[in-house]
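Source file upload_17.txt; content: compact mmCIF, C-alpha atoms and all ligand atoms.
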```txt
# COMPACT_ATOMS: atom_id res chain seq x y z
CA MET A 7 0.00 0.00 0.00
CA ASN A 8 1.43 3.40 -0.93
CA ARG A 9 1.12 6.45 1.25
CA ARG A 10 -1.76 7.91 -0.71
CA GLU A 11 -3.78 4.70 -0.43
CA PHE A 12 -3.05 4.53 3.26
CA ALA A 13 -4.11 8.14 3.80
CA ARG A 14 -7.37 7.35 1.98
CA LEU A 15 -8.00 4.34 4.24
CA LEU A 16 -7.33 6.50 7.28
CA ALA A 17 -9.81 9.03 6.04
CA ILE A 18 -12.43 6.30 5.61
CA GLY A 19 -11.67 4.43 8.81
CA GLY A 20 -11.07 7.37 11.14
CA ALA A 21 -8.72 6.68 14.01
CA ALA A 22 -8.83 2.88 13.77
CA PRO A 23 -7.86 1.81 10.24
CA PHE A 24 -8.27 -1.84 9.29
CA VAL A 25 -4.68 -2.01 8.13
CA SER A 26 -1.81 0.07 9.37
CA PRO A 27 1.87 -0.23 8.48
CA LYS A 28 2.49 -1.37 12.05
CA VAL A 29 0.45 -4.54 11.70
CA ALA A 30 1.66 -5.41 8.21
CA TRP A 31 4.07 -8.37 8.25
CA ALA A 32 7.45 -8.40 6.66
CA ARG A 33 7.47 -10.28 3.37
CA PRO A 34 9.46 -13.49 3.93
CA VAL A 35 12.36 -14.21 1.62
CA ASP A 36 11.58 -16.87 -0.96
CA LEU A 37 11.77 -20.38 0.42
CA PRO A 38 14.73 -22.26 -1.09
CA PRO A 39 13.98 -25.52 -2.95
CA THR A 40 13.72 -28.48 -0.59
CA PRO A 41 17.01 -30.42 -0.55
CA PRO A 42 16.78 -34.23 -0.91
CA SER A 43 17.51 -34.55 2.83
CA PRO A 44 16.30 -31.34 4.46
CA ASP A 45 18.55 -30.23 7.33
CA GLU A 46 18.00 -27.86 10.27
CA LYS A 47 19.06 -24.92 8.09
CA PHE A 48 16.24 -25.66 5.63
CA TRP A 49 13.64 -26.06 8.40
CA THR A 50 14.78 -22.76 9.91
CA ALA A 51 14.11 -21.16 6.51
CA VAL A 52 10.64 -22.74 6.63
CA ARG A 53 10.15 -21.28 10.13
CA ASP A 54 11.03 -17.86 8.71
CA GLN A 55 8.02 -18.09 6.41
CA PHE A 56 5.78 -17.66 9.45
CA VAL A 57 5.10 -14.37 11.21
CA MET A 58 5.42 -15.73 14.77
CA PRO A 59 8.18 -13.95 16.71
CA LYS A 60 11.38 -15.96 16.71
CA ASP A 61 11.41 -16.54 20.47
CA LEU A 62 7.95 -18.14 20.46
CA ALA A 63 7.77 -21.95 20.25
CA ILE A 64 4.19 -23.04 19.64
CA LEU A 65 3.82 -26.81 19.88
CA ASN A 66 0.06 -26.92 19.49
CA ALA A 67 -0.65 -27.86 15.88
CA ALA A 68 -3.41 -30.25 16.97
CA ASN A 69 -5.39 -27.20 18.04
CA LEU A 70 -4.51 -24.32 15.70
CA CYS A 71 -1.62 -23.70 13.33
CA PRO A 72 -0.35 -20.34 12.11
CA SER A 73 -0.76 -19.44 8.45
CA SER A 74 2.44 -18.84 6.51
CA GLY A 75 3.31 -15.47 4.97
CA PRO A 76 2.23 -16.57 1.46
CA VAL A 77 -1.19 -17.63 2.81
CA LEU A 78 -1.64 -14.33 4.68
CA GLU A 79 -0.64 -12.39 1.60
CA THR A 80 -3.10 -14.24 -0.60
CA MET A 81 -5.90 -13.62 1.85
CA TYR A 82 -5.05 -9.95 2.24
CA ARG A 83 -4.54 -9.28 -1.48
CA LEU A 84 -7.82 -10.94 -2.50
CA THR A 85 -9.85 -9.46 0.36
CA LYS A 86 -8.56 -6.02 -0.53
CA ASP A 87 -9.39 -6.56 -4.20
CA MET A 88 -12.92 -7.65 -3.30
CA ASP A 89 -13.51 -4.75 -0.95
CA GLN A 90 -12.16 -2.25 -3.44
CA ASP A 91 -14.71 -3.43 -5.99
CA PRO A 92 -17.41 -5.72 -4.61
CA SER A 93 -19.36 -5.84 -7.89
CA PHE A 94 -20.50 -9.22 -9.22
CA ASP A 95 -18.30 -8.54 -12.23
CA ASN A 96 -15.12 -8.13 -10.20
CA ARG A 97 -15.94 -11.10 -7.97
CA ALA A 98 -16.56 -13.51 -10.86
CA LYS A 99 -12.92 -14.60 -10.74
CA LEU A 100 -13.32 -15.67 -7.11
CA GLY A 101 -15.58 -18.51 -8.23
CA ASP A 102 -12.77 -19.80 -10.44
CA GLY A 103 -10.37 -19.50 -7.50
CA ARG A 104 -12.69 -21.52 -5.27
CA GLU A 105 -12.86 -24.29 -7.91
CA ASN A 106 -9.07 -24.20 -8.13
CA THR A 107 -8.90 -24.86 -4.38
CA ARG A 108 -11.23 -27.82 -4.89
CA LYS A 109 -8.83 -29.19 -7.51
CA LEU A 110 -5.88 -28.69 -5.17
CA LEU A 111 -7.77 -30.44 -2.37
CA ALA A 112 -8.55 -33.36 -4.67
CA GLU A 113 -4.89 -33.68 -5.66
CA PHE A 114 -3.81 -33.37 -2.03
CA LEU A 115 -6.15 -36.18 -0.96
CA ARG A 116 -5.65 -38.15 -4.21
CA VAL A 117 -9.32 -38.19 -5.15
CA THR A 118 -11.45 -36.24 -7.67
CA PRO A 119 -12.81 -32.67 -7.41
CA GLU A 120 -16.30 -34.14 -7.88
CA GLU A 121 -15.95 -35.73 -4.42
CA ILE A 122 -14.88 -32.58 -2.52
CA ILE A 123 -16.95 -30.12 -0.50
CA ILE A 124 -15.28 -27.04 0.99
CA THR A 125 -16.88 -26.63 4.39
CA ARG A 126 -16.15 -24.38 7.36
CA ASN A 127 -14.30 -26.91 9.51
CA THR A 128 -14.17 -30.54 10.64
CA SER A 129 -17.07 -29.97 13.03
CA GLU A 130 -19.32 -28.95 10.18
CA SER A 131 -18.07 -31.77 7.93
CA ASN A 132 -18.71 -34.39 10.63
CA ASN A 133 -22.17 -33.02 11.35
CA LEU A 134 -23.12 -32.92 7.66
CA VAL A 135 -22.54 -36.68 7.71
CA SER A 136 -24.31 -37.53 10.97
CA THR A 137 -27.30 -35.40 9.95
CA GLY A 138 -27.33 -36.49 6.31
CA ILE A 139 -27.49 -40.29 6.60
CA ASP A 140 -30.95 -41.84 6.97
CA LEU A 141 -30.92 -43.82 10.21
CA LYS A 142 -33.88 -45.26 12.07
CA PRO A 143 -34.70 -47.17 15.28
CA GLY A 144 -32.86 -50.50 15.23
CA ASP A 145 -29.88 -49.15 13.29
CA GLU A 146 -26.50 -49.00 15.02
CA VAL A 147 -23.58 -46.60 14.72
CA LEU A 148 -20.19 -47.80 16.01
CA LEU A 149 -17.80 -45.17 17.32
CA THR A 150 -14.40 -45.30 18.94
CA ALA A 151 -14.60 -44.08 22.53
CA ASP A 152 -12.07 -41.30 21.97
CA ASN A 153 -13.67 -38.91 19.52
CA HIS A 154 -14.10 -35.14 19.43
CA PRO A 155 -17.61 -33.95 20.41
CA SER A 156 -18.34 -33.16 16.73
CA ASN A 157 -18.01 -36.88 16.06
CA HIS A 158 -19.36 -38.21 19.36
CA VAL A 159 -21.88 -35.93 21.05
CA ALA A 160 -23.18 -35.21 17.53
CA TRP A 161 -24.04 -38.89 16.94
CA GLN A 162 -25.44 -39.30 20.47
CA GLU A 163 -27.75 -36.30 20.11
CA LYS A 164 -28.98 -37.40 16.68
CA ALA A 165 -29.55 -40.90 18.07
CA LYS A 166 -31.96 -39.35 20.59
CA ARG A 167 -33.85 -37.64 17.82
CA TYR A 168 -33.96 -40.43 15.22
CA GLY A 169 -33.98 -43.43 17.55
CA PHE A 170 -30.86 -45.27 16.35
CA THR A 171 -28.29 -46.70 18.78
CA VAL A 172 -24.69 -45.62 19.32
CA LYS A 173 -22.02 -47.99 20.67
CA ASP A 174 -18.43 -47.21 21.61
CA VAL A 175 -15.44 -49.41 20.85
CA PRO A 176 -13.22 -48.98 23.98
CA VAL A 177 -9.86 -47.27 23.54
CA PRO A 178 -7.36 -48.72 26.04
CA ASN A 179 -4.07 -47.08 26.97
CA PRO A 180 -1.32 -47.81 26.00
CA HIS A 181 -2.28 -48.18 22.33
CA PRO A 182 -2.90 -51.93 21.88
CA GLY A 183 -1.97 -52.02 18.17
CA PHE A 184 -3.81 -52.06 14.85
CA GLU A 185 -4.89 -55.70 15.04
CA HIS A 186 -6.58 -55.12 18.36
CA TYR A 187 -8.86 -52.50 16.80
CA VAL A 188 -9.65 -54.47 13.68
CA ASP A 189 -10.67 -57.40 15.93
CA ALA A 190 -12.62 -55.13 18.28
CA PHE A 191 -14.65 -53.74 15.37
CA LYS A 192 -15.19 -57.23 13.96
CA LYS A 193 -16.60 -58.37 17.30
CA MET A 194 -18.89 -55.37 17.76
CA ILE A 195 -20.34 -55.23 14.23
CA THR A 196 -23.87 -56.67 14.00
CA PRO A 197 -26.31 -56.94 11.08
CA GLN A 198 -27.78 -53.65 12.40
CA THR A 199 -24.50 -51.71 12.10
CA LYS A 200 -24.94 -49.05 9.42
CA VAL A 201 -22.10 -46.61 10.14
CA ILE A 202 -18.62 -46.75 11.67
CA SER A 203 -17.13 -43.43 12.67
CA PHE A 204 -13.71 -42.90 14.22
CA THR A 205 -10.86 -40.43 14.57
CA HIS A 206 -7.85 -41.22 12.40
CA LEU A 207 -5.41 -39.74 14.96
CA THR A 208 -6.87 -38.85 18.33
CA SER A 209 -6.48 -35.35 19.70
CA THR A 210 -6.38 -36.68 23.26
CA VAL A 211 -3.20 -38.78 23.33
CA GLY A 212 -2.36 -39.13 19.64
CA ASP A 213 -3.44 -42.73 18.98
CA LEU A 214 -3.29 -43.59 15.26
CA PHE A 215 -6.13 -45.83 14.04
CA PRO A 216 -5.92 -48.39 11.21
CA ALA A 217 -8.12 -46.36 8.89
CA LYS A 218 -7.59 -48.41 5.74
CA GLU A 219 -8.24 -51.71 7.50
CA ILE A 220 -11.36 -50.49 9.32
CA CYS A 221 -12.74 -48.97 6.10
CA ARG A 222 -12.16 -52.27 4.27
CA LEU A 223 -13.87 -54.26 7.01
CA ALA A 224 -16.87 -51.92 6.87
CA ARG A 225 -17.06 -51.83 3.07
CA GLU A 226 -17.12 -55.65 2.88
CA ARG A 227 -20.20 -55.55 5.12
CA GLY A 228 -21.99 -52.63 3.42
CA ILE A 229 -21.32 -50.31 6.38
CA LEU A 230 -20.56 -46.61 5.77
CA THR A 231 -17.40 -45.05 7.26
CA LEU A 232 -16.66 -41.54 8.48
CA VAL A 233 -12.98 -40.90 9.20
CA ASP A 234 -12.41 -37.76 11.26
CA GLY A 235 -9.18 -36.47 9.77
CA ALA A 236 -8.80 -33.27 11.82
CA GLN A 237 -5.45 -34.55 13.09
CA THR A 238 -4.12 -36.18 9.92
CA PHE A 239 -5.13 -33.77 7.12
CA GLY A 240 -1.98 -31.72 6.41
CA LEU A 241 0.19 -33.98 8.58
CA LEU A 242 0.18 -37.44 7.00
CA GLU A 243 0.83 -37.93 3.32
CA LEU A 244 -2.70 -39.16 2.82
CA ASP A 245 -4.12 -41.17 -0.04
CA LEU A 246 -7.88 -41.46 0.28
CA ALA A 247 -8.06 -43.50 -2.93
CA ASP A 248 -6.11 -46.13 -1.01
CA MET A 249 -7.87 -45.69 2.35
CA GLN A 250 -11.32 -45.68 0.71
CA PRO A 251 -13.46 -44.13 3.43
CA ASP A 252 -16.98 -43.08 2.49
CA PHE A 253 -16.48 -39.75 4.23
CA TYR A 254 -13.33 -37.96 5.45
CA SER A 255 -13.28 -34.61 7.25
CA GLY A 256 -10.60 -32.01 8.00
CA SER A 257 -9.92 -28.38 8.94
CA ALA A 258 -7.74 -25.86 7.11
CA HIS A 259 -6.57 -24.12 10.26
CA LYS A 260 -4.92 -27.16 11.79
CA TRP A 261 -2.04 -29.08 10.16
CA PRO A 262 -2.49 -27.57 6.65
CA CYS A 263 -1.72 -24.11 8.14
CA GLY A 264 -4.54 -22.57 6.16
CA PRO A 265 -7.03 -19.85 7.03
CA LYS A 266 -9.55 -20.19 9.84
CA GLU A 267 -13.13 -21.31 9.11
CA ASN A 268 -12.32 -23.47 6.11
CA GLY A 269 -12.51 -27.22 6.01
CA VAL A 270 -13.08 -30.19 3.79
CA LEU A 271 -15.56 -33.01 3.51
CA TYR A 272 -14.69 -35.80 1.09
CA ILE A 273 -17.68 -37.84 -0.07
CA ASN A 274 -16.69 -40.97 -1.96
CA LYS A 275 -18.58 -41.17 -5.26
CA THR A 276 -19.94 -44.54 -4.19
CA ALA A 277 -21.52 -42.96 -1.09
CA GLN A 278 -23.03 -39.88 -2.68
CA SER A 279 -26.43 -41.49 -3.18
CA LYS A 280 -26.51 -42.54 0.49
CA ILE A 281 -26.43 -39.08 2.07
CA TRP A 282 -28.78 -36.09 2.00
CA ALA A 283 -27.55 -32.50 1.87
CA SER A 284 -28.48 -30.58 5.03
CA ILE A 285 -28.08 -26.98 3.92
CA PHE A 286 -29.65 -25.46 0.83
CA SER A 287 -28.90 -21.91 -0.20
CA ALA A 288 -27.32 -19.92 -3.01
CA TYR A 289 -23.81 -20.18 -4.47
CA PRO A 290 -23.04 -23.93 -4.51
CA GLY A 291 -19.86 -25.33 -6.06
CA ARG A 292 -19.63 -26.07 -9.77
CA VAL A 293 -18.75 -29.75 -9.97
CA GLY A 294 -19.91 -33.12 -8.66
CA VAL A 295 -21.24 -33.35 -5.14
CA SER A 296 -20.45 -29.68 -4.42
CA ARG A 297 -23.35 -28.69 -6.69
CA THR A 298 -25.85 -30.01 -4.15
CA PHE A 299 -23.84 -30.03 -0.90
CA GLU A 300 -21.94 -26.76 -1.00
CA GLY A 301 -24.70 -24.18 -1.33
CA PHE A 302 -23.96 -22.50 2.00
CA GLY A 303 -24.76 -18.94 0.85
CA GLN A 304 -22.16 -16.21 0.70
CA ARG A 305 -18.67 -17.48 1.54
CA ASP A 306 -15.32 -15.93 2.28
CA GLU A 307 -13.83 -16.76 -1.11
CA PRO A 308 -10.48 -15.03 -0.49
CA ALA A 309 -10.05 -17.36 2.50
CA MET A 310 -11.07 -20.36 0.37
CA MET A 311 -8.41 -19.39 -2.15
CA ALA A 312 -5.84 -18.91 0.62
CA PHE A 313 -6.72 -22.48 1.67
CA GLY A 314 -5.48 -23.56 -1.77
CA GLU A 315 -2.31 -21.52 -1.26
CA ALA A 316 -1.68 -23.37 2.02
CA LEU A 317 -1.88 -26.71 0.19
CA THR A 318 0.46 -25.43 -2.52
CA PHE A 319 2.91 -24.27 0.16
CA GLN A 320 3.00 -27.74 1.74
CA THR A 321 3.20 -29.46 -1.63
CA LYS A 322 6.14 -27.26 -2.60
CA ILE A 323 8.06 -28.26 0.55
CA GLY A 324 7.07 -31.90 0.05
CA ARG A 325 4.40 -33.67 2.06
CA ALA A 326 6.54 -36.71 2.78
CA HIS A 327 9.23 -34.37 4.15
CA ILE A 328 6.66 -32.60 6.35
CA GLU A 329 5.34 -35.86 7.80
CA LYS A 330 8.88 -37.11 8.44
CA ARG A 331 9.90 -33.84 10.07
CA SER A 332 6.89 -33.75 12.41
CA ARG A 333 7.58 -37.35 13.39
CA GLU A 334 11.26 -36.60 14.07
CA LEU A 335 10.42 -33.62 16.27
CA THR A 336 7.93 -35.76 18.19
CA GLN A 337 10.37 -38.62 18.64
CA ALA A 338 13.01 -36.16 19.89
CA LEU A 339 10.51 -34.72 22.40
CA MET A 340 9.59 -38.21 23.52
CA ALA A 341 13.25 -39.22 23.97
CA GLY A 342 13.86 -36.10 26.08
CA LEU A 343 10.73 -36.52 28.21
CA LYS A 344 11.47 -40.21 28.85
CA LYS A 345 14.65 -39.24 30.65
CA ILE A 346 12.82 -37.01 33.14
CA ASP A 347 11.91 -38.77 36.40
CA GLY A 348 8.19 -38.78 37.14
CA VAL A 349 6.97 -38.11 33.59
CA LYS A 350 4.37 -40.60 32.36
CA ILE A 351 3.94 -40.63 28.59
CA TRP A 352 0.46 -41.60 27.34
CA THR A 353 1.40 -41.72 23.66
CA SER A 354 2.84 -44.82 22.03
CA PRO A 355 6.50 -44.46 21.00
CA ASP A 356 5.82 -46.83 18.07
CA PRO A 357 5.69 -44.77 14.83
CA ALA A 358 3.08 -47.22 13.53
CA ARG A 359 0.75 -46.18 16.37
CA SER A 360 1.42 -42.44 16.72
CA VAL A 361 2.55 -39.48 14.61
CA ALA A 362 2.96 -35.96 16.02
CA VAL A 363 0.51 -35.63 18.92
CA LEU A 364 2.30 -36.40 22.17
CA SER A 365 0.69 -36.34 25.57
CA PHE A 366 2.21 -36.91 29.01
CA GLN A 367 1.52 -36.48 32.70
CA PRO A 368 4.17 -34.34 34.43
CA GLY A 369 4.20 -36.18 37.78
CA ASN A 370 2.13 -34.34 40.39
CA LEU A 371 2.50 -30.91 38.82
CA ASP A 372 -0.68 -28.93 38.20
CA VAL A 373 -0.90 -29.01 34.40
CA ARG A 374 -2.60 -25.63 34.10
CA LYS A 375 0.06 -23.94 36.20
CA LEU A 376 2.76 -25.72 34.24
CA SER A 377 1.29 -24.69 30.91
CA LEU A 378 0.98 -21.09 32.09
CA ALA A 379 4.59 -21.05 33.31
CA LEU A 380 5.77 -22.54 30.00
CA TYR A 381 3.95 -19.82 28.10
CA GLN A 382 4.66 -16.84 30.31
CA LYS A 383 8.21 -17.60 31.40
CA ASP A 384 9.55 -19.74 28.57
CA ARG A 385 7.46 -18.63 25.54
CA ILE A 386 6.32 -22.20 24.81
CA GLY A 387 2.72 -22.90 23.75
CA CYS A 388 1.06 -26.26 24.46
CA ALA A 389 -2.36 -27.69 25.40
CA THR A 390 -3.60 -29.17 28.67
CA ARG A 391 -6.01 -31.96 29.52
CA GLY A 392 -7.62 -31.97 32.95
CA GLY A 393 -9.74 -34.59 34.70
CA GLN A 394 -8.92 -38.16 35.64
CA ASP A 395 -8.71 -39.72 32.19
CA ARG A 396 -5.13 -39.46 30.87
CA PRO A 397 -4.59 -35.91 32.17
CA GLY A 398 -1.53 -33.90 31.25
CA ILE A 399 0.19 -31.71 28.70
CA ARG A 400 -0.14 -32.20 24.96
CA LEU A 401 2.63 -31.22 22.58
CA SER A 402 2.02 -31.32 18.85
CA PRO A 403 5.00 -30.06 16.84
CA HIS A 404 4.83 -29.33 13.13
CA PHE A 405 7.16 -28.39 10.28
CA TYR A 406 7.54 -24.80 11.49
CA ASN A 407 9.11 -26.01 14.75
CA THR A 408 12.84 -26.47 15.12
CA MET A 409 15.01 -28.86 17.12
CA ALA A 410 15.90 -25.83 19.25
CA ASP A 411 12.19 -25.60 20.21
CA VAL A 412 12.30 -29.27 21.21
CA ASP A 413 15.45 -28.84 23.34
CA ARG A 414 14.08 -25.73 24.99
CA THR A 415 10.78 -27.46 25.81
CA VAL A 416 12.40 -30.56 27.29
CA ALA A 417 14.78 -28.40 29.37
CA ALA A 418 11.91 -26.24 30.68
CA ILE A 419 9.81 -29.26 31.68
CA LYS A 420 12.82 -30.84 33.35
CA LYS A 421 13.39 -27.62 35.29
CA TYR A 422 9.77 -27.43 36.53
CA MET A 423 9.74 -31.14 37.40
CA SER A 424 12.63 -30.54 39.78
CA THR A 425 11.72 -27.08 41.12
CA GLY A 426 7.90 -27.25 40.92
CA VAL A 427 5.70 -24.48 39.49
C1 LIG A 501 -10.30 -35.12 16.19
C2 LIG A 501 -10.97 -33.79 16.04
N1 LIG A 501 -12.11 -33.71 15.35
C3 LIG A 501 -12.72 -32.53 15.14
C4 LIG A 501 -12.21 -31.37 15.65
C5 LIG A 501 -12.93 -30.09 15.41
O1 LIG A 501 -12.19 -29.25 14.59
P1 LIG A 501 -12.76 -27.81 14.24
O2 LIG A 501 -12.83 -27.05 15.53
O3 LIG A 501 -11.78 -27.26 13.30
O4 LIG A 501 -14.09 -28.02 13.65
C6 LIG A 501 -11.02 -31.41 16.39
C7 LIG A 501 -10.46 -30.19 16.98
O5 LIG A 501 -9.54 -30.20 17.75
C8 LIG A 501 -10.39 -32.65 16.58
O6 LIG A 501 -9.24 -32.75 17.27
```
Encoding of this model in structure tokens:
Amino acid sequence: MNRREFARLLAIGGAAPFVSPKVAWARPVDLPPTPPSPDEKFWTAVRDQFVMPKDLAILNAANLCPSSGPVLETMYRLTKDMDQDPSFDNRAKLGDGRENTRKLLAEFLRVTPEEIIITRNTSESNNLVSTGIDLKPGDEVLLTADNHPSNHVAWQEKAKRYGFTVKDVPVPNPHPGFEHYVDAFKKMITPQTKVISFTHLTSTVGDLFPAKEICRLARERGILTLVDGAQTFGLLELDLADMQPDFYSGSAHKWPCGPKENGVLYINKTAQSKIWASIFSAYPGRVGVSRTFEGFGQRDEPAMMAFGEALTFQTKIGRAHIEKRSRELTQALMAGLKKIDGVKIWTSPDPARSVAVLSFQPGNLDVRKLSLALYQKDRIGCATRGGQDRPGIRLSPHFYNTMADVDRTVAAIKKYMSTGV
């Protein structure tokens, strides 16, 4: 923005302009090409693409990730363009941009654009499924016991209304392995089971579920599957064509580092005739299932396009590299925490059973006080879990974290474990 434009904005906005030079972020230098074996120097360059201050280590990707500079720029540039000229004529190009994001989502998930709905978040995606499938008294829905409310309370509440039954497959700790869960589902399936819904990677203690195997088991029995991918979309190098769920949900603002209030619902073409759309309004998508399922009224198209930019950003770095990096950071955290007396780790160390969500109980320390001290004194962001069921601190590092963040976090926890908080 030049000075004249800024003065004009000031004149319009009075004393509180929407954008001031003080809040504008510095444009990051271009990211270098990813080397075949990315080293700490490369990941530090990735970190520099984010506007978080350098001394801040946020290990909370399972909750909310920052958007990178390129994503922020896309959102700002397009929002400004729209607000400078909100005519239908000027906004026509935004429809093309939204369809481009759909294509990018399809490539990212290795499916077709005709199977993609751009929603507001995982919560909405999950609820579109639990509301959209015809279920009646006598029908059963099988859930894993460790789901987010949008995939648990949602089913329980709809069961009250429509009269179907919900059953939970127990989730023991430590993670008992993939075979355990395949067997557990096999045992609990009955001729009345119509839907199986589970979280791919749990947000509680980071248990990875055998999504492909459970989806196969269900498909062979004519049972529909909803895989809640809030914790794997943008983290694992996913291939839904291989996993073959009927429905898969995710949020842009978590691991993909996209804008807030954007999400995805994948509806397998074979399942599209088995679900009703719940919301009808203007401005649906242009292809496939989005023509009937994505008419949510006016949307924030600049944010939808920035969602596409976030996927492009990850693809440019390399999704396999991102998954590997997040795993390495988690394994390093786990190795450090294991050496601290009194720490009980809830998450499986086996990379086949966990990815990048790590949860532990810090002895008798009050987790809220610990988390506050970590944030206020050490500039480390994490999540807490209270109550009696696997309480503790959750760390979820992502590709914008560095090994220095890991070392600093382990050292701080070690310090508080010996001095108290
Ligand atoms: C497993 C799981 N499902 C769904 C959600 C809901 O995500 P959102 O708030 O983006 O809708 C979360 C959020 O943490 C989650 O961890």
Who sits within 10 Å of range 312-319 of chain A, all atoms listed in the file, same chain under 6 positions skipped, as a ChimeraX atom specification: /A:37,73-84,103-111,113-114,124,240,257-259,261-269,325
Write a file of the selected residues as a short mmCIF file (atom, residue, chain, number, x, y, z; two decimals), in the frame of the given file, keeping C-alpha atoms.
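File produced: selection.cif:
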```
data_model
loop_
_atom_site.label_atom_id
_atom_site.label_comp_id
_atom_site.auth_asym_id
_atom_site.auth_seq_id
_atom_site.Cartn_x
_atom_site.Cartn_y
_atom_site.Cartn_z
CA LEU A 37 11.77 -20.38 0.42
CA SER A 73 -0.76 -19.44 8.45
CA SER A 74 2.44 -18.84 6.51
CA GLY A 75 3.31 -15.47 4.97
CA PRO A 76 2.23 -16.57 1.46
CA VAL A 77 -1.19 -17.63 2.81
CA LEU A 78 -1.64 -14.33 4.68
CA GLU A 79 -0.64 -12.39 1.60
CA THR A 80 -3.10 -14.24 -0.60
CA MET A 81 -5.90 -13.62 1.85
CA TYR A 82 -5.05 -9.95 2.24
CA ARG A 83 -4.54 -9.28 -1.48
CA LEU A 84 -7.82 -10.94 -2.50
CA GLY A 103 -10.37 -19.50 -7.50
CA ARG A 104 -12.69 -21.52 -5.27
CA GLU A 105 -12.86 -24.29 -7.91
CA ASN A 106 -9.07 -24.20 -8.13
CA THR A 107 -8.90 -24.86 -4.38
CA ARG A 108 -11.23 -27.82 -4.89
CA LYS A 109 -8.83 -29.19 -7.51
CA LEU A 110 -5.88 -28.69 -5.17
CA LEU A 111 -7.77 -30.44 -2.37
CA GLU A 113 -4.89 -33.68 -5.66
CA PHE A 114 -3.81 -33.37 -2.03
CA ILE A 124 -15.28 -27.04 0.99
CA GLY A 240 -1.98 -31.72 6.41
CA SER A 257 -9.92 -28.38 8.94
CA ALA A 258 -7.74 -25.86 7.11
CA HIS A 259 -6.57 -24.12 10.26
CA TRP A 261 -2.04 -29.08 10.16
CA PRO A 262 -2.49 -27.57 6.65
CA CYS A 263 -1.72 -24.11 8.14
CA GLY A 264 -4.54 -22.57 6.16
CA PRO A 265 -7.03 -19.85 7.03
CA LYS A 266 -9.55 -20.19 9.84
CA GLU A 267 -13.13 -21.31 9.11
CA ASN A 268 -12.32 -23.47 6.11
CA GLY A 269 -12.51 -27.22 6.01
CA ARG A 325 4.40 -33.67 2.06
#
```
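Inspection of the environment of ligand LIG 501 (chain A), which uses all atoms listed in the file and a cut-off of 6 Å, identifies the neighbouring residues as Asn69, Asn127, Thr128, Ser129, His154, Ser156, Thr205, Thr208, Ser209, Asp234, Ala236, Gln237 and Ser257 of chain A.
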Would you save the residues of that selection, restricted to C-alpha atoms, as a short mmCIF file (atom, residue, chain, number, x, y, z; two decimals), in the frame of the given file?
```
data_model
loop_
_atom_site.label_atom_id
_atom_site.label_comp_id
_atom_site.auth_asym_id
_atom_site.auth_seq_id
_atom_site.Cartn_x
_atom_site.Cartn_y
_atom_site.Cartn_z
CA ASN A 69 -5.39 -27.20 18.04
CA ASN A 127 -14.30 -26.91 9.51
CA THR A 128 -14.17 -30.54 10.64
CA SER A 129 -17.07 -29.97 13.03
CA HIS A 154 -14.10 -35.14 19.43
CA SER A 156 -18.34 -33.16 16.73
CA THR A 205 -10.86 -40.43 14.57
CA THR A 208 -6.87 -38.85 18.33
CA SER A 209 -6.48 -35.35 19.70
CA ASP A 234 -12.41 -37.76 11.26
CA ALA A 236 -8.80 -33.27 11.82
CA GLN A 237 -5.45 -34.55 13.09
CA SER A 257 -9.92 -28.38 8.94
#
```
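With distances taken over all atoms listed in the file, A:Leu364 is the one residue among A:Met311, A:Ala165, A:Leu364, A:Ala224 lying closest to Gln337 in chain A.
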For Pro59 in chain A: contacts at 12 Å, only C-alpha atoms, fewer than 4 positions along chain excluded, given as a PyMOL selection string: chain A and resi 31-32+53-55+63-64+72+385-386
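For the choices A:Ser365, A:Ser279, A:Thr238, A:Thr125, the atom-to-atom distance to Arg396 in chain A is smallest for A:Ser365 when using only C-alpha atoms.
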Mind filling out range 176-183 of chain A with N, CA and C atoms and sending it as a compact mmCIF listing (two decimals), keeping the file's coordinate frame?
```txt
# COMPACT_ATOMS: atom_id res chain seq x y z
N PRO A 176 -14.13 -49.55 22.96
CA PRO A 176 -13.22 -48.98 23.98
C PRO A 176 -11.83 -48.69 23.41
N VAL A 177 -11.19 -47.69 23.98
CA VAL A 177 -9.86 -47.27 23.54
C VAL A 177 -8.90 -47.38 24.73
N PRO A 178 -8.25 -48.56 24.89
CA PRO A 178 -7.36 -48.72 26.04
C PRO A 178 -6.05 -47.95 25.88
N ASN A 179 -5.40 -47.70 27.01
CA ASN A 179 -4.07 -47.08 26.97
C ASN A 179 -3.11 -47.99 27.73
N PRO A 180 -1.91 -48.29 27.25
CA PRO A 180 -1.32 -47.81 26.00
C PRO A 180 -2.01 -48.40 24.76
N HIS A 181 -1.73 -47.75 23.63
CA HIS A 181 -2.28 -48.18 22.33
C HIS A 181 -2.02 -49.68 22.13
N PRO A 182 -3.09 -50.48 21.96
CA PRO A 182 -2.90 -51.93 21.88
C PRO A 182 -2.53 -52.45 20.49
N GLY A 183 -2.38 -51.56 19.51
CA GLY A 183 -1.97 -52.02 18.17
C GLY A 183 -3.14 -52.09 17.20
```
